[in-house]
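Participant: Provided herewith: target_22.txt, compact mmCIF, C-alpha atoms and all ligand atoms.
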# COMPACT_ATOMS: atom_id res chain seq x y z
CA MET U 7 7.27 -39.01 -4.12
CA ASP U 8 8.99 -36.74 -1.61
CA LEU U 9 6.48 -35.80 1.10
CA ASP U 10 8.94 -33.83 3.22
CA LEU U 11 8.35 -30.11 3.46
CA THR U 12 10.91 -27.82 1.87
CA GLN U 13 12.79 -25.33 4.03
CA GLU U 14 10.57 -22.56 2.71
CA GLN U 15 7.37 -24.49 3.51
CA GLU U 16 8.65 -25.21 7.03
CA LEU U 17 9.54 -21.57 7.52
CA ILE U 18 6.06 -20.45 6.46
CA ARG U 19 4.44 -23.08 8.70
CA ASP U 20 6.51 -22.02 11.73
CA THR U 21 5.92 -18.32 11.07
CA VAL U 22 2.14 -18.77 10.77
CA ARG U 23 2.00 -21.16 13.72
CA THR U 24 3.78 -18.66 15.96
CA PHE U 25 1.69 -15.75 14.68
CA SER U 26 -1.53 -17.72 15.21
CA ARG U 27 -0.58 -18.70 18.73
CA GLU U 28 0.79 -15.35 19.84
CA ARG U 29 -1.40 -12.86 17.98
CA VAL U 30 -4.59 -14.57 16.78
CA ALA U 31 -5.41 -16.88 19.68
CA PRO U 32 -5.64 -14.14 22.34
CA ALA U 33 -8.01 -12.08 20.14
CA ALA U 34 -10.15 -14.73 18.48
CA GLU U 35 -12.86 -15.13 21.08
CA GLU U 36 -13.48 -11.38 21.40
CA LEU U 37 -13.48 -10.86 17.62
CA ASP U 38 -16.04 -13.65 17.29
CA ARG U 39 -18.24 -12.34 20.10
CA GLU U 40 -18.21 -8.81 18.72
CA ALA U 41 -18.33 -9.99 15.07
CA ARG U 42 -15.46 -7.56 14.48
CA PHE U 43 -13.28 -7.70 11.38
CA PRO U 44 -9.63 -8.26 12.40
CA VAL U 45 -8.14 -5.28 10.58
CA GLU U 46 -5.05 -5.04 12.83
CA LEU U 47 -4.24 -8.72 12.35
CA VAL U 48 -4.54 -8.32 8.58
CA GLY U 49 -1.99 -5.50 8.80
CA GLU U 50 0.37 -7.73 10.75
CA MET U 51 -0.10 -10.59 8.29
CA ALA U 52 0.68 -8.21 5.46
CA GLU U 53 3.97 -7.33 7.17
CA LEU U 54 4.75 -11.02 7.49
CA GLY U 55 4.13 -11.51 3.77
CA LEU U 56 1.10 -13.76 4.27
CA MET U 57 -1.39 -11.90 2.08
CA GLY U 58 0.07 -13.00 -1.25
CA ILE U 59 1.82 -16.29 -0.55
CA PRO U 60 1.42 -17.87 -4.04
CA ILE U 61 1.80 -14.60 -5.98
CA PRO U 62 5.23 -14.01 -7.58
CA GLU U 63 7.63 -11.69 -5.80
CA ARG U 64 7.73 -9.31 -8.75
CA TYR U 65 4.13 -8.37 -7.92
CA GLY U 66 4.79 -8.07 -4.18
CA GLY U 67 3.84 -11.63 -3.20
CA ALA U 68 5.92 -14.28 -1.44
CA GLY U 69 6.41 -16.37 -4.58
CA ALA U 70 5.80 -19.61 -2.67
CA ASP U 71 3.97 -22.70 -3.90
CA THR U 72 0.39 -23.89 -3.36
CA LEU U 73 1.42 -26.29 -0.61
CA ALA U 74 3.02 -23.49 1.40
CA TYR U 75 -0.17 -21.47 0.97
CA ALA U 76 -2.36 -24.42 2.07
CA ILE U 77 -0.15 -24.97 5.13
CA ALA U 78 -0.56 -21.30 6.09
CA ILE U 79 -4.35 -21.54 5.78
CA GLU U 80 -4.34 -24.76 7.80
CA GLU U 81 -2.28 -23.19 10.61
CA LEU U 82 -4.50 -20.10 10.76
CA THR U 83 -7.70 -22.16 10.80
CA ARG U 84 -6.28 -24.27 13.62
CA VAL U 85 -6.70 -21.17 15.74
CA ASP U 86 -9.34 -19.05 14.00
CA SER U 87 -11.42 -19.63 10.86
CA SER U 88 -12.42 -15.98 10.44
CA VAL U 89 -8.81 -14.85 10.10
CA ALA U 90 -8.07 -17.83 7.85
CA ILE U 91 -10.97 -17.21 5.45
CA THR U 92 -10.02 -13.54 5.27
CA VAL U 93 -6.62 -14.57 3.90
CA ALA U 94 -8.02 -17.43 1.79
CA ALA U 95 -10.79 -15.40 0.15
CA HIS U 96 -8.41 -12.52 -0.47
CA THR U 97 -5.79 -14.80 -2.03
CA SER U 98 -7.65 -17.58 -3.87
CA LEU U 99 -10.82 -15.73 -4.77
CA GLY U 100 -9.84 -12.07 -4.78
CA THR U 101 -6.25 -11.90 -6.05
CA MET U 102 -5.97 -15.04 -8.19
CA PRO U 103 -8.43 -13.88 -10.89
CA ILE U 104 -6.24 -10.82 -11.47
CA PHE U 105 -3.08 -12.91 -11.52
CA LEU U 106 -4.47 -15.67 -13.74
CA PHE U 107 -6.60 -13.69 -16.17
CA GLY U 108 -5.41 -10.08 -15.93
CA SER U 109 -3.52 -8.38 -18.73
CA ASP U 110 0.06 -7.27 -18.00
CA GLU U 111 -1.24 -3.76 -17.45
CA GLN U 112 -3.97 -4.93 -15.02
CA LYS U 113 -1.48 -7.04 -13.08
CA GLU U 114 1.01 -4.17 -12.79
CA ARG U 115 -1.77 -1.86 -11.70
CA TRP U 116 -3.59 -3.99 -9.13
CA LEU U 117 -1.43 -6.86 -7.91
CA PRO U 118 1.22 -4.99 -5.88
CA ASP U 119 -1.38 -3.56 -3.48
CA LEU U 120 -3.19 -6.90 -3.22
CA ALA U 121 -0.26 -9.29 -2.95
CA SER U 122 1.40 -7.12 -0.31
CA GLY U 123 -1.84 -6.98 1.69
CA ARG U 124 -2.13 -3.19 1.58
CA ARG U 125 -5.59 -3.71 0.09
CA LEU U 126 -8.08 -6.61 0.21
CA ALA U 127 -9.89 -8.22 -2.71
CA ALA U 128 -13.21 -10.01 -3.06
CA PHE U 129 -14.84 -12.28 -5.62
CA GLY U 130 -18.53 -11.85 -6.36
CA LEU U 131 -20.09 -14.89 -7.95
CA THR U 132 -23.08 -15.79 -5.78
CA GLU U 133 -26.40 -13.98 -6.24
CA PRO U 134 -29.71 -14.25 -4.41
CA ASP U 135 -30.95 -16.58 -7.17
CA ALA U 136 -27.62 -18.03 -8.32
CA GLY U 137 -25.87 -20.09 -5.62
CA SER U 138 -24.91 -23.65 -6.55
CA ASP U 139 -26.26 -22.82 -9.98
CA ALA U 140 -23.71 -20.03 -10.39
CA GLY U 141 -24.23 -19.94 -14.14
CA ALA U 142 -27.69 -18.50 -13.48
CA THR U 143 -26.07 -15.10 -12.90
CA ARG U 144 -28.59 -12.30 -13.49
CA THR U 145 -26.28 -9.34 -13.02
CA THR U 146 -25.81 -7.67 -16.37
CA ALA U 147 -23.05 -5.53 -17.84
CA GLU U 148 -23.79 -3.61 -20.99
CA LEU U 149 -21.03 -1.97 -23.03
CA ARG U 150 -22.07 1.61 -23.80
CA ASP U 151 -19.60 4.04 -25.39
CA GLY U 152 -16.53 2.37 -23.92
CA THR U 153 -18.06 1.86 -20.48
CA TRP U 154 -19.56 -1.22 -18.85
CA VAL U 155 -22.83 -0.35 -17.17
CA VAL U 156 -23.52 -2.92 -14.45
CA ASN U 157 -26.91 -3.69 -12.89
CA GLY U 158 -27.72 -6.45 -10.44
CA SER U 159 -26.75 -7.84 -7.07
CA LYS U 160 -24.47 -10.31 -5.34
CA MET U 161 -24.87 -12.17 -2.06
CA PHE U 162 -22.56 -13.45 0.70
CA ILE U 163 -19.40 -11.82 -0.63
CA THR U 164 -16.36 -12.17 1.64
CA ASN U 165 -14.00 -9.20 2.20
CA ALA U 166 -16.19 -6.84 0.15
CA GLY U 167 -16.73 -4.07 2.67
CA THR U 168 -13.73 -3.68 4.96
CA ASP U 169 -11.76 -0.46 5.32
CA LEU U 170 -8.97 -2.20 3.41
CA THR U 171 -11.12 -3.45 0.55
CA TRP U 172 -9.93 -2.46 -2.89
CA GLY U 173 -12.72 -4.00 -4.95
CA VAL U 174 -14.39 -7.08 -6.29
CA THR U 175 -14.22 -9.23 -9.41
CA ILE U 176 -17.78 -10.09 -10.41
CA THR U 177 -19.38 -12.35 -12.94
CA ALA U 178 -21.88 -10.57 -15.14
CA ARG U 179 -24.00 -11.43 -18.13
CA THR U 180 -22.51 -9.48 -21.06
CA GLY U 181 -24.72 -11.06 -23.67
CA GLU U 182 -27.55 -13.53 -24.16
CA ASP U 183 -25.46 -16.62 -23.39
CA GLU U 184 -22.33 -14.88 -22.29
CA ILE U 185 -20.78 -14.45 -18.85
CA SER U 186 -17.70 -12.29 -18.34
CA ASN U 187 -15.62 -11.17 -15.36
CA LEU U 188 -15.40 -7.50 -14.49
CA VAL U 189 -13.43 -5.65 -11.85
CA ILE U 190 -15.34 -3.09 -9.81
CA GLU U 191 -13.42 -0.94 -7.40
CA ASN U 192 -14.98 0.12 -4.11
CA GLY U 193 -16.19 3.69 -4.25
CA THR U 194 -17.38 3.42 -7.86
CA PRO U 195 -20.67 5.36 -8.14
CA GLY U 196 -23.62 2.97 -8.35
CA TYR U 197 -21.81 0.24 -6.39
CA GLU U 198 -23.21 -0.23 -2.89
CA VAL U 199 -22.08 -2.64 -0.22
CA SER U 200 -24.54 -3.69 2.50
CA ALA U 201 -23.86 -3.68 6.23
CA PRO U 202 -22.02 -6.83 7.38
CA LEU U 203 -24.27 -9.90 7.38
CA HIS U 204 -24.89 -11.67 10.70
CA LYS U 205 -23.59 -15.22 10.70
CA LEU U 206 -23.45 -18.35 12.84
CA GLY U 207 -19.76 -18.94 12.17
CA TRP U 208 -16.88 -17.01 10.60
CA ARG U 209 -18.38 -14.13 12.56
CA ALA U 210 -15.28 -11.92 12.40
CA SER U 211 -14.94 -12.30 8.64
CA ASP U 212 -16.55 -9.69 6.43
CA THR U 213 -19.56 -10.94 4.43
CA ARG U 214 -21.77 -8.56 2.46
CA ALA U 215 -24.51 -8.24 -0.11
CA LEU U 216 -23.58 -6.06 -3.10
CA ALA U 217 -25.85 -3.93 -5.29
CA PHE U 218 -25.05 -2.40 -8.68
CA THR U 219 -27.29 0.31 -10.09
CA ASP U 220 -26.15 1.74 -13.43
CA CYS U 221 -22.65 1.29 -12.10
CA ALA U 222 -20.24 2.44 -14.80
CA VAL U 223 -16.73 0.97 -15.01
CA PRO U 224 -14.13 1.49 -17.75
CA GLU U 225 -14.09 -0.99 -20.64
CA GLU U 226 -10.57 -2.04 -19.62
CA ASN U 227 -11.92 -3.47 -16.32
CA LEU U 228 -12.97 -6.58 -18.25
CA LEU U 229 -10.86 -9.41 -16.84
CA GLY U 230 -9.83 -11.97 -19.41
CA PRO U 231 -11.58 -12.44 -22.75
CA ARG U 232 -15.21 -11.42 -23.04
CA GLY U 233 -17.50 -14.47 -22.63
CA LYS U 234 -14.94 -16.54 -20.74
CA GLY U 235 -16.26 -15.67 -17.28
CA PHE U 236 -17.88 -19.06 -16.70
CA THR U 237 -14.69 -21.03 -17.44
CA GLN U 238 -12.66 -18.55 -15.43
CA PHE U 239 -14.76 -18.77 -12.29
CA LEU U 240 -14.75 -22.58 -12.42
CA GLU U 241 -10.94 -22.42 -12.43
CA ILE U 242 -10.99 -19.98 -9.52
CA LEU U 243 -13.31 -22.25 -7.53
CA ASP U 244 -11.00 -25.22 -8.14
CA GLY U 245 -8.17 -23.25 -6.51
CA GLY U 246 -10.42 -21.96 -3.72
CA ARG U 247 -11.44 -25.51 -2.87
CA ILE U 248 -7.84 -26.24 -1.89
CA SER U 249 -8.12 -23.47 0.72
CA VAL U 250 -11.42 -24.86 2.00
CA ALA U 251 -9.91 -28.35 2.27
CA ALA U 252 -6.92 -26.88 4.15
CA MET U 253 -9.38 -25.14 6.46
CA GLY U 254 -11.08 -28.49 7.14
CA VAL U 255 -7.77 -30.05 8.15
CA GLY U 256 -6.77 -27.05 10.27
CA LEU U 257 -10.13 -26.88 12.01
CA ALA U 258 -10.02 -30.59 12.90
CA GLN U 259 -6.49 -30.13 14.26
CA GLY U 260 -7.56 -27.06 16.26
CA ALA U 261 -10.56 -28.88 17.73
CA TYR U 262 -8.34 -31.78 18.68
CA ASP U 263 -5.80 -29.42 20.30
CA LEU U 264 -8.49 -27.88 22.48
CA ALA U 265 -10.11 -31.19 23.38
CA ALA U 266 -6.76 -32.77 24.25
CA ASP U 267 -5.71 -29.79 26.39
CA TYR U 268 -9.00 -29.94 28.24
CA ALA U 269 -8.76 -33.68 28.78
CA ARG U 270 -5.28 -33.18 30.24
CA GLU U 271 -6.27 -30.26 32.49
CA ARG U 272 -9.57 -31.49 33.83
CA THR U 273 -9.18 -33.69 36.86
CA GLN U 274 -11.88 -35.99 38.27
CA PHE U 275 -11.61 -38.92 40.66
CA GLY U 276 -8.05 -37.80 41.18
CA LYS U 277 -7.09 -38.16 37.52
CA PRO U 278 -7.20 -36.07 34.38
CA ILE U 279 -10.32 -37.11 32.53
CA GLY U 280 -8.18 -37.99 29.52
CA ARG U 281 -7.27 -41.13 31.39
CA PHE U 282 -10.91 -42.29 31.39
CA GLN U 283 -12.52 -43.82 28.37
CA ALA U 284 -15.89 -42.23 28.81
CA ILE U 285 -15.07 -38.54 28.37
CA ALA U 286 -17.78 -37.87 25.80
CA PHE U 287 -20.16 -36.17 28.25
CA GLN U 288 -17.42 -33.96 29.62
CA LEU U 289 -16.54 -32.95 26.06
CA ALA U 290 -20.18 -32.10 25.51
CA ASP U 291 -20.00 -29.89 28.60
CA MET U 292 -17.24 -27.90 26.90
CA ALA U 293 -19.89 -25.95 24.93
CA GLU U 294 -18.83 -22.77 26.75
CA SER U 295 -15.22 -23.22 25.85
CA PRO U 296 -13.53 -21.83 22.72
CA ILE U 297 -14.24 -25.12 20.95
CA ALA U 298 -17.83 -23.96 20.44
CA ARG U 299 -16.52 -21.33 18.01
CA LEU U 300 -14.82 -24.03 15.96
CA TYR U 301 -17.99 -26.08 16.00
CA ARG U 302 -19.95 -23.15 14.57
CA ASP U 303 -17.19 -22.32 12.10
CA GLN U 304 -17.06 -25.79 10.56
CA LYS U 305 -20.60 -25.57 9.14
CA ILE U 306 -19.63 -23.22 6.32
CA LEU U 307 -17.00 -25.67 5.09
CA GLU U 308 -19.94 -27.72 3.78
CA ILE U 309 -21.14 -24.69 1.80
CA GLY U 310 -18.35 -22.40 0.58
CA GLU U 311 -16.76 -22.96 -2.87
CA GLY U 312 -19.56 -25.44 -3.53
CA THR U 313 -21.82 -27.36 -1.16
CA ASN U 314 -21.25 -31.02 -0.28
CA GLU U 315 -23.75 -32.01 -2.93
CA VAL U 316 -22.05 -29.85 -5.55
CA GLN U 317 -18.63 -31.34 -4.67
CA ARG U 318 -20.11 -34.82 -5.16
CA MET U 319 -21.51 -33.72 -8.52
CA VAL U 320 -18.07 -32.43 -9.56
CA ILE U 321 -16.37 -35.68 -8.49
CA ALA U 322 -19.06 -37.80 -10.17
CA ARG U 323 -18.58 -35.80 -13.36
CA HIS U 324 -14.83 -36.49 -13.25
CA LEU U 325 -15.65 -40.18 -12.91
CA GLY U 326 -17.83 -39.99 -16.00
CA PHE U 327 -21.16 -40.08 -14.18
CA GLY U 328 -23.90 -37.55 -13.68
CA GLN U 329 -24.95 -34.54 -15.69
CA THR U 330 -22.51 -32.88 -18.06
C1 LIG K 1 -20.03 -17.10 5.02
C2 LIG K 1 -20.14 -17.22 3.52
C3 LIG K 1 -19.18 -16.63 2.72
C4 LIG K 1 -19.30 -16.70 1.32
N1 LIG K 1 -18.38 -16.05 0.53
C5 LIG K 1 -18.59 -15.99 -0.82
C6 LIG K 1 -17.75 -15.19 -1.66
O1 LIG K 1 -16.78 -14.57 -1.22
N2 LIG K 1 -18.05 -15.11 -3.00
C7 LIG K 1 -19.11 -15.78 -3.54
O2 LIG K 1 -19.33 -15.65 -4.74
N3 LIG K 1 -19.92 -16.56 -2.77
C8 LIG K 1 -19.69 -16.67 -1.43
N4 LIG K 1 -20.52 -17.45 -0.63
C9 LIG K 1 -21.64 -18.13 -1.27
C10 LIG K 1 -21.47 -19.64 -1.33
O3 LIG K 1 -20.55 -19.99 -2.33
C11 LIG K 1 -22.87 -20.20 -1.59
O4 LIG K 1 -23.59 -20.04 -0.37
C12 LIG K 1 -22.84 -21.65 -1.99
O5 LIG K 1 -22.33 -21.79 -3.29
C13 LIG K 1 -24.26 -22.29 -1.95
O6 LIG K 1 -25.19 -21.50 -2.60
P1 LIG K 1 -26.59 -21.15 -1.88
O7 LIG K 1 -26.27 -20.62 -0.51
O8 LIG K 1 -27.37 -20.27 -2.78
O9 LIG K 1 -27.31 -22.54 -1.69
P2 LIG K 1 -28.22 -23.28 -2.79
O10 LIG K 1 -27.49 -23.40 -4.07
O11 LIG K 1 -29.57 -22.66 -2.79
O12 LIG K 1 -28.30 -24.72 -2.14
C14 LIG K 1 -29.25 -25.07 -1.12
C15 LIG K 1 -29.16 -26.59 -0.93
O13 LIG K 1 -29.56 -27.25 -2.14
C16 LIG K 1 -28.55 -28.16 -2.56
N5 LIG K 1 -28.50 -28.22 -4.02
C17 LIG K 1 -28.48 -27.19 -4.91
N6 LIG K 1 -28.40 -27.65 -6.17
C18 LIG K 1 -28.34 -29.00 -6.10
C19 LIG K 1 -28.26 -30.06 -7.05
N7 LIG K 1 -28.19 -29.82 -8.37
N8 LIG K 1 -28.22 -31.34 -6.59
C20 LIG K 1 -28.28 -31.60 -5.27
N9 LIG K 1 -28.37 -30.65 -4.30
C21 LIG K 1 -28.40 -29.37 -4.71
C22 LIG K 1 -27.25 -27.57 -1.99
O14 LIG K 1 -26.24 -28.57 -1.89
C23 LIG K 1 -27.72 -27.05 -0.63
O15 LIG K 1 -27.76 -28.10 0.29
C24 LIG K 1 -20.38 -17.42 0.74
C25 LIG K 1 -21.33 -18.04 1.57
C26 LIG K 1 -21.22 -17.93 2.93
C27 LIG K 1 -22.29 -18.58 3.78
As structure tokens, how would this structure be written, given the file I've shared?

Facilitator:
Amino acid sequence: MDLDLTQEQELIRDTVRTFSRERVAPAAEELDREARFPVELVGEMAELGLMGIPIPERYGGAGADTLAYAIAIEELTRVDSSVAITVAAHTSLGTMPIFLFGSDEQKERWLPDLASGRRLAAFGLTEPDAGSDAGATRTTAELRDGTWVVNGSKMFITNAGTDLTWGVTITARTGEDEISNLVIENGTPGYEVSAPLHKLGWRASDTRALAFTDCAVPEENLLGPRGKGFTQFLEILDGGRISVAAMGVGLAQGAYDLAADYARERTQFGKPIGRFQAIAFQLADMAESPIARLYRDQKILEIGEGTNEVQRMVIARHLGFGQT
């Protein structure tokens, strides 16, 4: 197996590394403190072609592979998780459903704006009473005279309410035992997005609760075959989990970078503390340093795209154990 990066993967890594260092790092602390969505940085990432890395060029994406995308997410997370999850949620959760399950017409209509980063996309699966048990979706969509009428709510939806947001793909119950995916564009009457939710970590990323009250969308906003929503969102989560894993690697690398820099800079007894074995207490004293943001940001990696327990259930199922 060839583990070397291709020229394209190296180019993407170097581009994102430079962007993260020069543009994200100076802003990250302030964005986190003010819980402010990084709209300018998203614009710059769009210009660099980072908002649609795995989407084919014909739709306005970079046409690169999954590894290149994971490397980009890793490099961004190394510096700031909020910026990284903005890209990851937009790409894996927001854009991928359109690319994977959209009709040719839907792809031509929606992908160019999304893959180029002119607009942002969200994916609405979680509900107040349907988290790990995502199949317990209560949101309903009823087909009336060629229109889906949606009622219900969603919780913790990333990228749903920014100035750049185009819309959200939601799961909805379209029959007794039937879940389907529907696209709902922002601004559709009956679709309301809450104020940004306050969070411990990922504070500069946009997380909202969504409400649908007799929200009418055209019949052609159904994404993929009716009744296939459950299978489709499982496939989307599988892809999203690659981003979350890449974020874990990037966050660990970023935390190490900061700790190593500090251990080199900090001098005691005439030596940088990195030369002493017992630096643990000094590291603990770093809680006012930027590393605190990374510490808060890592918590969600045990939750998003499936909690630790859910990931174990998925792995156990692959091994032939556990519930089916
Ligand atoms: C910042 C943020 C951003 C998010 N972005 C999105 C998004 O863009 N789109 C989206 O759809 N969702 C999003 N989510 C929702 C996220 O996917 C859910 O929070 C996650 O799936 C867990 O659901 P829950 O919070 O309802 O926890 P619950 O499912 O209520 O879980 C609570 C606890 O019970 C445990 N548990 C539950 N069931 C079992 C079981 N069978 N066996 C053992 N333990 C179990 C869990 O592991 C967890 O520890 C986001 C969440 C956050 C916090």

Participant: With distances taken over all atoms listed in the file, which of U:Glu133, U:Glu271, U:Glu50, U:Glu63 is nearest to ligand LIG 1 (chain K)?

Facilitator: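 Distance minimum relative to ligand LIG 1 (chain K) lands on U:Glu133.
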
Participant: Work out how far atom C27 of ligand LIG 1 (chain K) is from CA of Glu311 in chain U, in Å to one decimal.

Facilitator: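 Rounded to one decimal, the two atoms are 9.7 Å apart.
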
Participant: Write out as a list in words each polymer residue whose atoms come within 12 Å of Gly141 in chain U, counting all atoms listed in the file; drop sequence neighbours fewer than 6 positions from it.

Facilitator: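 Neighbouring residues, sequence-local ones excluded: Leu131, Thr132, Glu133, Asp135, Thr177, Ala178, Arg179, Asp183, Glu184, Ile185, Ser186, Lys234, Gly235, Phe236, Thr237, Gln238, Phe239 and Leu240 of chain U.
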
Participant: Quick one: contact table of chain U to ligand LIG 1 (chain K), 8 Å max, nearest atom pair and distance in Å to one decimal per residue, counting only C-alpha atoms and all ligand atoms, chain and number order, as JSON lines?

Facilitator:
{"residue": "U:Ala95", "atom": "CA", "partner": "K:LIG1", "partner_atom": "O1", "distance": 6.2}
{"residue": "U:Leu99", "atom": "CA", "partner": "K:LIG1", "partner_atom": "O1", "distance": 7.0}
{"residue": "U:Ala128", "atom": "CA", "partner": "K:LIG1", "partner_atom": "O1", "distance": 6.1}
{"residue": "U:Phe129", "atom": "CA", "partner": "K:LIG1", "partner_atom": "N2", "distance": 5.0}
{"residue": "U:Gly130", "atom": "CA", "partner": "K:LIG1", "partner_atom": "O2", "distance": 4.2}
{"residue": "U:Leu131", "atom": "CA", "partner": "K:LIG1", "partner_atom": "O2", "distance": 3.4}
{"residue": "U:Thr132", "atom": "CA", "partner": "K:LIG1", "partner_atom": "O2", "distance": 3.9}
{"residue": "U:Glu133", "atom": "CA", "partner": "K:LIG1", "partner_atom": "O8", "distance": 7.2}
{"residue": "U:Pro134", "atom": "CA", "partner": "K:LIG1", "partner_atom": "O8", "distance": 6.7}
{"residue": "U:Asp135", "atom": "CA", "partner": "K:LIG1", "partner_atom": "O8", "distance": 6.8}
{"residue": "U:Ala136", "atom": "CA", "partner": "K:LIG1", "partner_atom": "O8", "distance": 6.0}
{"residue": "U:Gly137", "atom": "CA", "partner": "K:LIG1", "partner_atom": "O8", "distance": 3.2}
{"residue": "U:Ser138", "atom": "CA", "partner": "K:LIG1", "partner_atom": "O10", "distance": 3.6}
{"residue": "U:Asp139", "atom": "CA", "partner": "K:LIG1", "partner_atom": "O10", "distance": 6.1}
{"residue": "U:Ala140", "atom": "CA", "partner": "K:LIG1", "partner_atom": "O5", "distance": 7.4}
{"residue": "U:Lys160", "atom": "CA", "partner": "K:LIG1", "partner_atom": "O2", "distance": 7.4}
{"residue": "U:Met161", "atom": "CA", "partner": "K:LIG1", "partner_atom": "N3", "distance": 6.7}
{"residue": "U:Phe162", "atom": "CA", "partner": "K:LIG1", "partner_atom": "C24", "distance": 4.5}
{"residue": "U:Ile163", "atom": "CA", "partner": "K:LIG1", "partner_atom": "O1", "distance": 3.8}
{"residue": "U:Thr164", "atom": "CA", "partner": "K:LIG1", "partner_atom": "O1", "distance": 3.8}
{"residue": "U:Asn165", "atom": "CA", "partner": "K:LIG1", "partner_atom": "O1", "distance": 6.9}
{"residue": "U:Ala166", "atom": "CA", "partner": "K:LIG1", "partner_atom": "O1", "distance": 7.9}
{"residue": "U:Lys205", "atom": "CA", "partner": "K:LIG1", "partner_atom": "C1", "distance": 7.0}
{"residue": "U:Gly207", "atom": "CA", "partner": "K:LIG1", "partner_atom": "C1", "distance": 7.4}
{"residue": "U:Trp208", "atom": "CA", "partner": "K:LIG1", "partner_atom": "C1", "distance": 6.4}
{"residue": "U:Ser211", "atom": "CA", "partner": "K:LIG1", "partner_atom": "C1", "distance": 7.9}
{"residue": "U:Thr213", "atom": "CA", "partner": "K:LIG1", "partner_atom": "C3", "distance": 6.0}
{"residue": "U:Ile306", "atom": "CA", "partner": "K:LIG1", "partner_atom": "C27", "distance": 5.9}
{"residue": "U:Ile309", "atom": "CA", "partner": "K:LIG1", "partner_atom": "C12", "distance": 5.1}
{"residue": "U:Gly310", "atom": "CA", "partner": "K:LIG1", "partner_atom": "O3", "distance": 4.4}
{"residue": "U:Glu311", "atom": "CA", "partner": "K:LIG1", "partner_atom": "O3", "distance": 4.8}
{"residue": "U:Gly312", "atom": "CA", "partner": "K:LIG1", "partner_atom": "O5", "distance": 4.6}
{"residue": "U:Thr313", "atom": "CA", "partner": "K:LIG1", "partner_atom": "O14", "distance": 4.6}
{"residue": "U:Asn314", "atom": "CA", "partner": "K:LIG1", "partner_atom": "O14", "distance": 5.8}
{"residue": "U:Glu315", "atom": "CA", "partner": "K:LIG1", "partner_atom": "O14", "distance": 4.4}
{"residue": "U:Val316", "atom": "CA", "partner": "K:LIG1", "partner_atom": "O14", "distance": 5.7}
{"residue": "U:Met319", "atom": "CA", "partner": "K:LIG1", "partner_atom": "N8", "distance": 7.4}

Participant: Counting only C-alpha atoms, what is within 8 Å of range 169-173 of chain U, bar same-chain residues fewer than 6 positions away, as JSON, numbers by chain?

Facilitator: {"U": [45, 124, 125, 126, 127, 128, 189, 190, 191, 192]}

Participant: Those selected residues, please, written with C-alpha atoms and delivered as a compact mmCIF listing (two decimals), keeping the file's coordinate frame.

Facilitator:
# COMPACT_ATOMS: atom_id res chain seq x y z
CA VAL U 45 -8.14 -5.28 10.58
CA ARG U 124 -2.13 -3.19 1.58
CA ARG U 125 -5.59 -3.71 0.09
CA LEU U 126 -8.08 -6.61 0.21
CA ALA U 127 -9.89 -8.22 -2.71
CA ALA U 128 -13.21 -10.01 -3.06
CA VAL U 189 -13.43 -5.65 -11.85
CA ILE U 190 -15.34 -3.09 -9.81
CA GLU U 191 -13.42 -0.94 -7.40
CA ASN U 192 -14.98 0.12 -4.11

Participant: Please report the interatomic distance between CA of Gly260 in chain U and CA of Ile297 in chain U in Å with one decimal.

Facilitator: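 According to the coordinates, CA of Gly260 in chain U and CA of Ile297 in chain U are separated by 8.4 Å.
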
Participant: Which value, in Å to one decimal, gives the distance between CA of Leu216 in chain U and CA of Ile79 in chain U?

Facilitator: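 So the two atoms, CA of Leu216 in chain U and CA of Ile79 in chain U, lie 26.2 Å apart.
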
Participant: If you take every atom of range 229-235 of chain U that the file lists and fit an axis-aligned box around them with 4 Å extra on each side, what centre and edge lengths come out in Å to one decimal, as JSON?

Facilitator:
{"center_x": -13.7, "center_y": -13.0, "center_z": -19.9, "size_x": 15.7, "size_y": 15.1, "size_z": 14.2}

Participant: Write out as a compact mmCIF listing (two decimals) with C-alpha atoms, in the frame of the given file which residues come within 12 Å of Pro278 in chain U when counting only C-alpha atoms, dropping same-chain ones fewer than 5 positions away.

Facilitator:
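Saved as out.txt:
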# COMPACT_ATOMS: atom_id res chain seq x y z
CA ALA U 266 -6.76 -32.77 24.25
CA ASP U 267 -5.71 -29.79 26.39
CA TYR U 268 -9.00 -29.94 28.24
CA ALA U 269 -8.76 -33.68 28.78
CA ARG U 270 -5.28 -33.18 30.24
CA GLU U 271 -6.27 -30.26 32.49
CA ARG U 272 -9.57 -31.49 33.83
CA THR U 273 -9.18 -33.69 36.86
CA GLN U 283 -12.52 -43.82 28.37
CA ILE U 285 -15.07 -38.54 28.37
CA GLN U 288 -17.42 -33.96 29.62

Participant: Would you tabulate, counting all atoms listed in the file, all residues of range 130-215 of chain U that have an atom at most 7 Å from an atom of range 34-44 of chain U, showing the closest pair of atoms and their distance in Å to one decimal, sorted by chain then ascending number, as a Markdown table?

Facilitator:
| residue | atom | partner | partner_atom | distance |
| --- | --- | --- | --- | --- |
| U:Arg209 | CA | U:Ala41 | CA | 4.8 |
| U:Ala210 | CA | U:Ala41 | CA | 4.5 |
| U:Ser211 | CA | U:Phe43 | CA | 5.6 |
| U:Asp212 | CA | U:Phe43 | CA | 6.3 |

Participant: With distances taken over only C-alpha atoms, which of U:Arg247, U:Arg232, U:Arg150, U:Lys305 is nearest to Asn187 in chain U?

Facilitator: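 Using only C-alpha atoms, the shortest distance to Asn187 in chain U belongs to U:Arg232.
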
Participant: Which one is closest to Asp244 in chain U: U:Glu226, U:Ala78, U:Val320, U:Arg299? Count all atoms listed in the file.

Facilitator: U:Val320

Participant: Pick out the closest residue to Glu46 in chain U from this set: U:Val89, U:Leu117, U:Ala261, U:Ile279. Count only C-alpha atoms.

Facilitator: U:Val89
